[in-house]
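Peer 1: Structure file data09.tsv, TSV, N, CA and C atoms, is pasted below:
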chain	number	residue	atom	x	y	z
A	38	MET	N	47.33	20.09	5.40
A	38	MET	CA	47.74	19.88	6.77
A	38	MET	C	49.23	20.14	6.90
A	39	GLU	N	49.58	20.91	7.87
A	39	GLU	CA	50.99	21.22	8.13
A	39	GLU	C	51.56	20.20	9.11
A	40	VAL	N	52.69	19.63	8.75
A	40	VAL	CA	53.35	18.64	9.61
A	40	VAL	C	54.35	19.37	10.49
A	41	LYS	N	54.23	19.13	11.79
A	41	LYS	CA	55.17	19.72	12.74
A	41	LYS	C	56.07	18.60	13.25
A	42	TYR	N	57.36	18.77	13.08
A	42	TYR	CA	58.31	17.74	13.49
A	42	TYR	C	58.70	17.95	14.95
A	43	THR	N	57.76	17.63	15.84
A	43	THR	CA	57.99	17.75	17.27
A	43	THR	C	57.66	16.42	17.94
A	44	THR	N	58.15	16.25	19.15
A	44	THR	CA	57.84	15.02	19.88
A	44	THR	C	56.35	14.95	20.22
A	45	HIS	N	55.71	16.10	20.40
A	45	HIS	CA	54.27	16.11	20.66
A	45	HIS	C	53.49	15.56	19.47
A	46	PHE	N	53.86	15.95	18.25
A	46	PHE	CA	53.19	15.45	17.06
A	46	PHE	C	53.45	13.95	16.89
A	47	LEU	N	54.67	13.51	17.20
A	47	LEU	CA	54.99	12.08	17.15
A	47	LEU	C	54.10	11.32	18.12
A	48	SER	N	53.89	11.87	19.30
A	48	SER	CA	53.03	11.23	20.30
A	48	SER	C	51.59	11.13	19.81
A	49	ARG	N	51.13	12.17	19.12
A	49	ARG	CA	49.76	12.14	18.57
A	49	ARG	C	49.62	11.02	17.53
A	50	LEU	N	50.64	10.84	16.69
A	50	LEU	CA	50.61	9.76	15.70
A	50	LEU	C	50.65	8.40	16.38
A	51	GLU	N	51.45	8.28	17.42
A	51	GLU	CA	51.53	7.02	18.17
A	51	GLU	C	50.20	6.71	18.86
A	52	ASP	N	49.49	7.75	19.30
A	52	ASP	CA	48.18	7.56	19.94
A	52	ASP	C	47.17	6.97	18.96
A	53	ILE	N	47.26	7.35	17.70
A	53	ILE	CA	46.35	6.79	16.69
A	53	ILE	C	46.55	5.28	16.61
A	54	PHE	N	47.80	4.84	16.61
A	54	PHE	CA	48.07	3.40	16.57
A	54	PHE	C	47.62	2.73	17.87
A	55	ALA	N	47.82	3.40	19.00
A	55	ALA	CA	47.43	2.82	20.28
A	55	ALA	C	45.93	2.58	20.36
A	56	GLU	N	45.15	3.44	19.71
A	56	GLU	CA	43.70	3.30	19.75
A	56	GLU	C	43.16	2.49	18.57
A	57	SER	N	44.03	1.95	17.74
A	57	SER	CA	43.59	1.16	16.59
A	57	SER	C	43.89	-0.31	16.86
A	58	ASP	N	43.65	-1.14	15.85
A	58	ASP	CA	43.93	-2.57	15.98
A	58	ASP	C	45.36	-2.92	15.54
A	59	TYR	N	46.15	-1.93	15.14
A	59	TYR	CA	47.56	-2.16	14.78
A	59	TYR	C	48.46	-1.96	16.00
A	60	VAL	N	49.53	-2.72	16.05
A	60	VAL	CA	50.54	-2.58	17.09
A	60	VAL	C	51.73	-1.87	16.47
A	61	LEU	N	52.21	-0.83	17.13
A	61	LEU	CA	53.37	-0.07	16.65
A	61	LEU	C	54.58	-0.44	17.50
A	62	ARG	N	55.65	-0.82	16.82
A	62	ARG	CA	56.88	-1.17	17.52
A	62	ARG	C	58.05	-0.45	16.87
A	63	TYR	N	59.02	-0.09	17.71
A	63	TYR	CA	60.28	0.49	17.23
A	63	TYR	C	61.35	-0.58	17.41
A	64	GLU	N	61.94	-1.01	16.29
A	64	GLU	CA	62.95	-2.07	16.32
A	64	GLU	C	64.11	-1.65	15.42
A	65	LYS	N	65.24	-2.30	15.62
A	65	LYS	CA	66.34	-2.04	14.70
A	65	LYS	C	66.14	-2.92	13.47
A	66	GLY	N	66.61	-2.42	12.37
A	66	GLY	CA	66.47	-3.16	11.13
A	66	GLY	C	66.84	-2.28	9.96
A	67	ASN	N	67.10	-2.90	8.84
A	67	ASN	CA	67.45	-2.12	7.66
A	67	ASN	C	66.33	-2.29	6.63
A	68	PHE	N	65.20	-1.69	6.94
A	68	PHE	CA	64.06	-1.71	6.04
A	68	PHE	C	64.33	-0.68	4.95
A	69	ASN	N	63.98	-1.01	3.73
A	69	ASN	CA	64.24	-0.11	2.61
A	69	ASN	C	63.52	1.22	2.78
A	70	SER	N	62.31	1.20	3.32
A	70	SER	CA	61.55	2.43	3.45
A	70	SER	C	61.59	3.00	4.86
A	71	GLY	N	62.29	2.35	5.77
A	71	GLY	CA	62.36	2.83	7.15
A	71	GLY	C	61.31	2.20	8.03
A	72	TYR	N	60.41	1.43	7.43
A	72	TYR	CA	59.39	0.75	8.22
A	72	TYR	C	58.99	-0.55	7.53
A	73	CYS	N	58.30	-1.40	8.27
A	73	CYS	CA	57.81	-2.66	7.75
A	73	CYS	C	56.41	-2.87	8.29
A	74	ILE	N	55.50	-3.34	7.43
A	74	ILE	CA	54.13	-3.59	7.86
A	74	ILE	C	53.85	-5.07	7.71
A	75	LEU	N	53.45	-5.72	8.79
A	75	LEU	CA	53.05	-7.11	8.76
A	75	LEU	C	51.53	-7.12	8.82
A	76	LYS	N	50.88	-7.12	7.67
A	76	LYS	CA	49.44	-6.91	7.60
A	76	LYS	C	48.63	-8.05	8.23
A	77	ASP	N	49.08	-9.29	8.09
A	77	ASP	CA	48.32	-10.40	8.65
A	77	ASP	C	48.26	-10.34	10.17
A	78	THR	N	49.33	-9.87	10.80
A	78	THR	CA	49.36	-9.77	12.25
A	78	THR	C	49.10	-8.35	12.75
A	79	LYS	N	48.89	-7.43	11.82
A	79	LYS	CA	48.60	-6.02	12.13
A	79	LYS	C	49.66	-5.41	13.04
A	80	ILE	N	50.89	-5.52	12.59
A	80	ILE	CA	52.03	-4.94	13.29
A	80	ILE	C	52.76	-4.00	12.34
A	81	ALA	N	53.06	-2.80	12.82
A	81	ALA	CA	53.86	-1.84	12.06
A	81	ALA	C	55.17	-1.64	12.82
A	82	ILE	N	56.28	-1.82	12.13
A	82	ILE	CA	57.61	-1.71	12.76
A	82	ILE	C	58.36	-0.57	12.10
A	83	VAL	N	58.85	0.35	12.92
A	83	VAL	CA	59.61	1.50	12.45
A	83	VAL	C	61.03	1.38	12.98
A	84	ASN	N	62.00	1.77	12.18
A	84	ASN	CA	63.40	1.73	12.58
A	84	ASN	C	63.61	2.64	13.79
A	85	LYS	N	64.07	2.07	14.90
A	85	LYS	CA	64.21	2.85	16.13
A	85	LYS	C	65.37	3.83	16.08
A	86	TYR	N	66.28	3.68	15.13
A	86	TYR	CA	67.41	4.58	15.02
A	86	TYR	C	67.12	5.78	14.12
A	87	TYR	N	65.91	5.86	13.61
A	87	TYR	CA	65.53	6.99	12.77
A	87	TYR	C	65.48	8.27	13.60
A	88	THR	N	65.70	9.38	12.93
A	88	THR	CA	65.55	10.68	13.57
A	88	THR	C	64.07	10.94	13.83
A	89	LEU	N	63.77	11.98	14.56
A	89	LEU	CA	62.38	12.36	14.85
A	89	LEU	C	61.62	12.59	13.54
A	90	GLU	N	62.24	13.30	12.63
A	90	GLU	CA	61.62	13.58	11.34
A	90	GLU	C	61.36	12.28	10.56
A	91	GLY	N	62.31	11.37	10.59
A	91	GLY	CA	62.16	10.09	9.90
A	91	GLY	C	61.04	9.25	10.48
A	92	LYS	N	60.92	9.24	11.81
A	92	LYS	CA	59.85	8.48	12.47
A	92	LYS	C	58.48	9.06	12.10
A	93	ILE	N	58.36	10.37	12.13
A	93	ILE	CA	57.09	11.02	11.80
A	93	ILE	C	56.72	10.73	10.35
A	94	ASN	N	57.67	10.87	9.44
A	94	ASN	CA	57.40	10.60	8.03
A	94	ASN	C	57.00	9.14	7.81
A	95	SER	N	57.67	8.21	8.51
A	95	SER	CA	57.34	6.80	8.38
A	95	SER	C	55.93	6.51	8.89
A	96	LEU	N	55.58	7.06	10.05
A	96	LEU	CA	54.25	6.83	10.60
A	96	LEU	C	53.17	7.42	9.71
A	97	MET	N	53.41	8.58	9.15
A	97	MET	CA	52.42	9.18	8.25
A	97	MET	C	52.27	8.34	6.99
A	98	GLU	N	53.37	7.81	6.48
A	98	GLU	CA	53.30	6.96	5.30
A	98	GLU	C	52.52	5.68	5.59
A	99	ILE	N	52.73	5.11	6.77
A	99	ILE	CA	51.99	3.91	7.16
A	99	ILE	C	50.50	4.22	7.25
A	100	LEU	N	50.16	5.35	7.86
A	100	LEU	CA	48.74	5.71	8.01
A	100	LEU	C	48.07	5.92	6.66
A	101	LYS	N	48.85	6.26	5.64
A	101	LYS	CA	48.28	6.46	4.31
A	101	LYS	C	47.97	5.14	3.62
A	102	VAL	N	48.69	4.07	3.96
A	102	VAL	CA	48.54	2.81	3.22
A	102	VAL	C	47.74	1.74	3.96
A	103	VAL	N	47.51	1.88	5.25
A	103	VAL	CA	46.74	0.86	5.97
A	103	VAL	C	45.35	1.41	6.33
A	104	GLU	N	44.40	0.50	6.45
A	104	GLU	CA	43.05	0.86	6.87
A	104	GLU	C	42.95	0.59	8.36
A	105	LEU	N	42.67	1.62	9.14
A	105	LEU	CA	42.51	1.47	10.58
A	105	LEU	C	41.04	1.59	10.95
A	106	SER	N	40.64	0.83	11.96
A	106	SER	CA	39.30	0.94	12.48
A	106	SER	C	39.23	2.15	13.41
A	107	THR	N	38.25	3.02	13.20
A	107	THR	CA	38.14	4.24	14.01
A	107	THR	C	37.14	4.09	15.15
A	108	GLU	N	36.65	2.88	15.39
A	108	GLU	CA	35.65	2.65	16.42
A	108	GLU	C	36.13	3.05	17.82
A	109	LYS	N	37.37	2.73	18.14
A	109	LYS	CA	37.90	2.98	19.48
A	109	LYS	C	38.65	4.30	19.60
A	110	MET	N	38.76	5.03	18.51
A	110	MET	CA	39.55	6.28	18.51
A	110	MET	C	38.75	7.44	19.09
A	111	SER	N	39.49	8.35	19.70
A	111	SER	CA	38.87	9.59	20.17
A	111	SER	C	38.58	10.48	18.96
A	112	ASP	N	37.71	11.46	19.15
A	112	ASP	CA	37.34	12.36	18.05
A	112	ASP	C	38.56	13.10	17.50
A	113	LYS	N	39.45	13.50	18.40
A	113	LYS	CA	40.65	14.23	18.00
A	113	LYS	C	41.55	13.36	17.10
A	114	ASN	N	41.70	12.09	17.47
A	114	ASN	CA	42.54	11.20	16.68
A	114	ASN	C	41.87	10.82	15.36
A	115	ILE	N	40.55	10.70	15.35
A	115	ILE	CA	39.84	10.42	14.10
A	115	ILE	C	40.05	11.56	13.13
A	116	LYS	N	39.96	12.79	13.62
A	116	LYS	CA	40.15	13.96	12.76
A	116	LYS	C	41.55	13.98	12.16
A	117	LEU	N	42.57	13.73	12.98
A	117	LEU	CA	43.96	13.71	12.49
A	117	LEU	C	44.16	12.57	11.50
A	118	TYR	N	43.62	11.40	11.80
A	118	TYR	CA	43.76	10.24	10.90
A	118	TYR	C	43.10	10.53	9.55
A	119	LYS	N	41.93	11.14	9.56
A	119	LYS	CA	41.23	11.46	8.31
A	119	LYS	C	42.03	12.50	7.51
A	120	GLU	N	42.61	13.49	8.18
A	120	GLU	CA	43.43	14.50	7.48
A	120	GLU	C	44.61	13.85	6.77
A	121	ILE	N	45.27	12.93	7.46
A	121	ILE	CA	46.44	12.26	6.89
A	121	ILE	C	46.03	11.34	5.74
A	122	SER	N	44.98	10.55	5.92
A	122	SER	CA	44.59	9.62	4.87
A	122	SER	C	43.95	10.35	3.68
A	123	ASP	N	43.25	11.46	3.91
A	123	ASP	CA	42.69	12.24	2.79
A	123	ASP	C	43.80	12.90	1.99
A	124	LYS	N	44.89	13.25	2.65
A	124	LYS	CA	46.03	13.86	1.96
A	124	LYS	C	46.64	12.87	0.98
A	125	ALA	N	46.56	11.58	1.31
A	125	ALA	CA	47.12	10.55	0.42
A	125	ALA	C	46.29	10.43	-0.84
A	126	ILE	N	44.98	10.61	-0.74
A	126	ILE	CA	44.08	10.49	-1.88
A	126	ILE	C	44.24	11.66	-2.82
A	127	ALA	N	44.42	12.85	-2.26
A	127	ALA	CA	44.50	14.08	-3.07
A	127	ALA	C	45.72	14.13	-3.93
Translate the structure of the given file into structure tokens.
Peer 2:
Amino acid sequence: MEVKYTTHFLSRLEDIFAESDYVLRYEKGNFNSGYCILKDTKIAIVNKYYTLEGKINSLMEILKVVELSTEKMSDKNIKLYKEISDKAIA
């Protein structure tokens, strides 16, 4: 899968979180990896001062490590989510 560092691709990644049981928030903070995952409350926090490329990389990394429910996702978002999570396994 080719990653495109555009605002449209960032929006597609944000849509995956919007249709899942995780809440995505952009906050200031000095997280070592650029993001923080609160698994018990299902909240993912990304550093809001990150560049577009940093935000996309952080969201993709989060999608690789968390299990999202695909019940409420559209077919297009399920396909993208599977591509990203399968890339982590390979």
Peer 1: Tell me, which residues of chain A carry DSSP strand (DSSP E or B), written as a PyMOL selection string?
Peer 2: chain A and resi 60-64+72-75+80-84
Peer 1: Near segment 92-95 of chain A, within 6.5 Å and counting all atoms listed in the file, which residues show up once chain neighbours fewer than 3 positions away are dropped, as a list of chain:residue names?
Peer 2: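 Using all atoms listed in the file, the neighbours found are A:Leu47, A:Gly71, A:Tyr72, A:Tyr87, A:Thr88, A:Leu89, A:Glu98, A:Ile99, A:Leu100.
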Peer 1: Using only N, CA and C atoms, which residue out of A:Met97, A:Leu105, A:Ile74, A:Ile80 lies closest to Leu50 of chain A?
Peer 2: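 Checking each of A:Met97, A:Leu105, A:Ile74, A:Ile80 against Leu50 of chain A, counting only N, CA and C atoms, the winner is A:Met97.
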Peer 1: Find the residues around Ile115 of chain A up to 12 Å (only C-alpha atoms counted), leave out those fewer than 4 positions away in its own chain, and share them as a PyMOL selection string.
Peer 2: chain A and resi 49-50+52-54+56-57+100+105-111+119-123
Peer 1: Separation of atom CA of Tyr118 of chain A and atom N of Glu39 of chain A, in Å?
Peer 2: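 Value for the atom CA of Tyr118 of chain A-atom N of Glu39 of chain A distance: 12.5 Å.
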Peer 1: Mind the document's chain letters and residue numbers, and return as JSON, numbers by chain the residues of chain A that DSSP labels alpha helix (DSSP H).
Peer 2: {"A": [44, 45, 46, 47, 48, 49, 50, 51, 52, 53, 54, 55, 89, 90, 91, 92, 93, 94, 95, 96, 97, 98, 99, 100, 101, 102, 112, 113, 114, 115, 116, 117, 118, 119, 120, 121, 122, 123, 124, 125, 126]}
Peer 1: Would you compute the distance between atom CA of Met38 of chain A and atom N of Gly91 of chain A? Give it in Å to one decimal.
Peer 2: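 So the two atoms, atom CA of Met38 of chain A and atom N of Gly91 of chain A, lie 17.3 Å apart.
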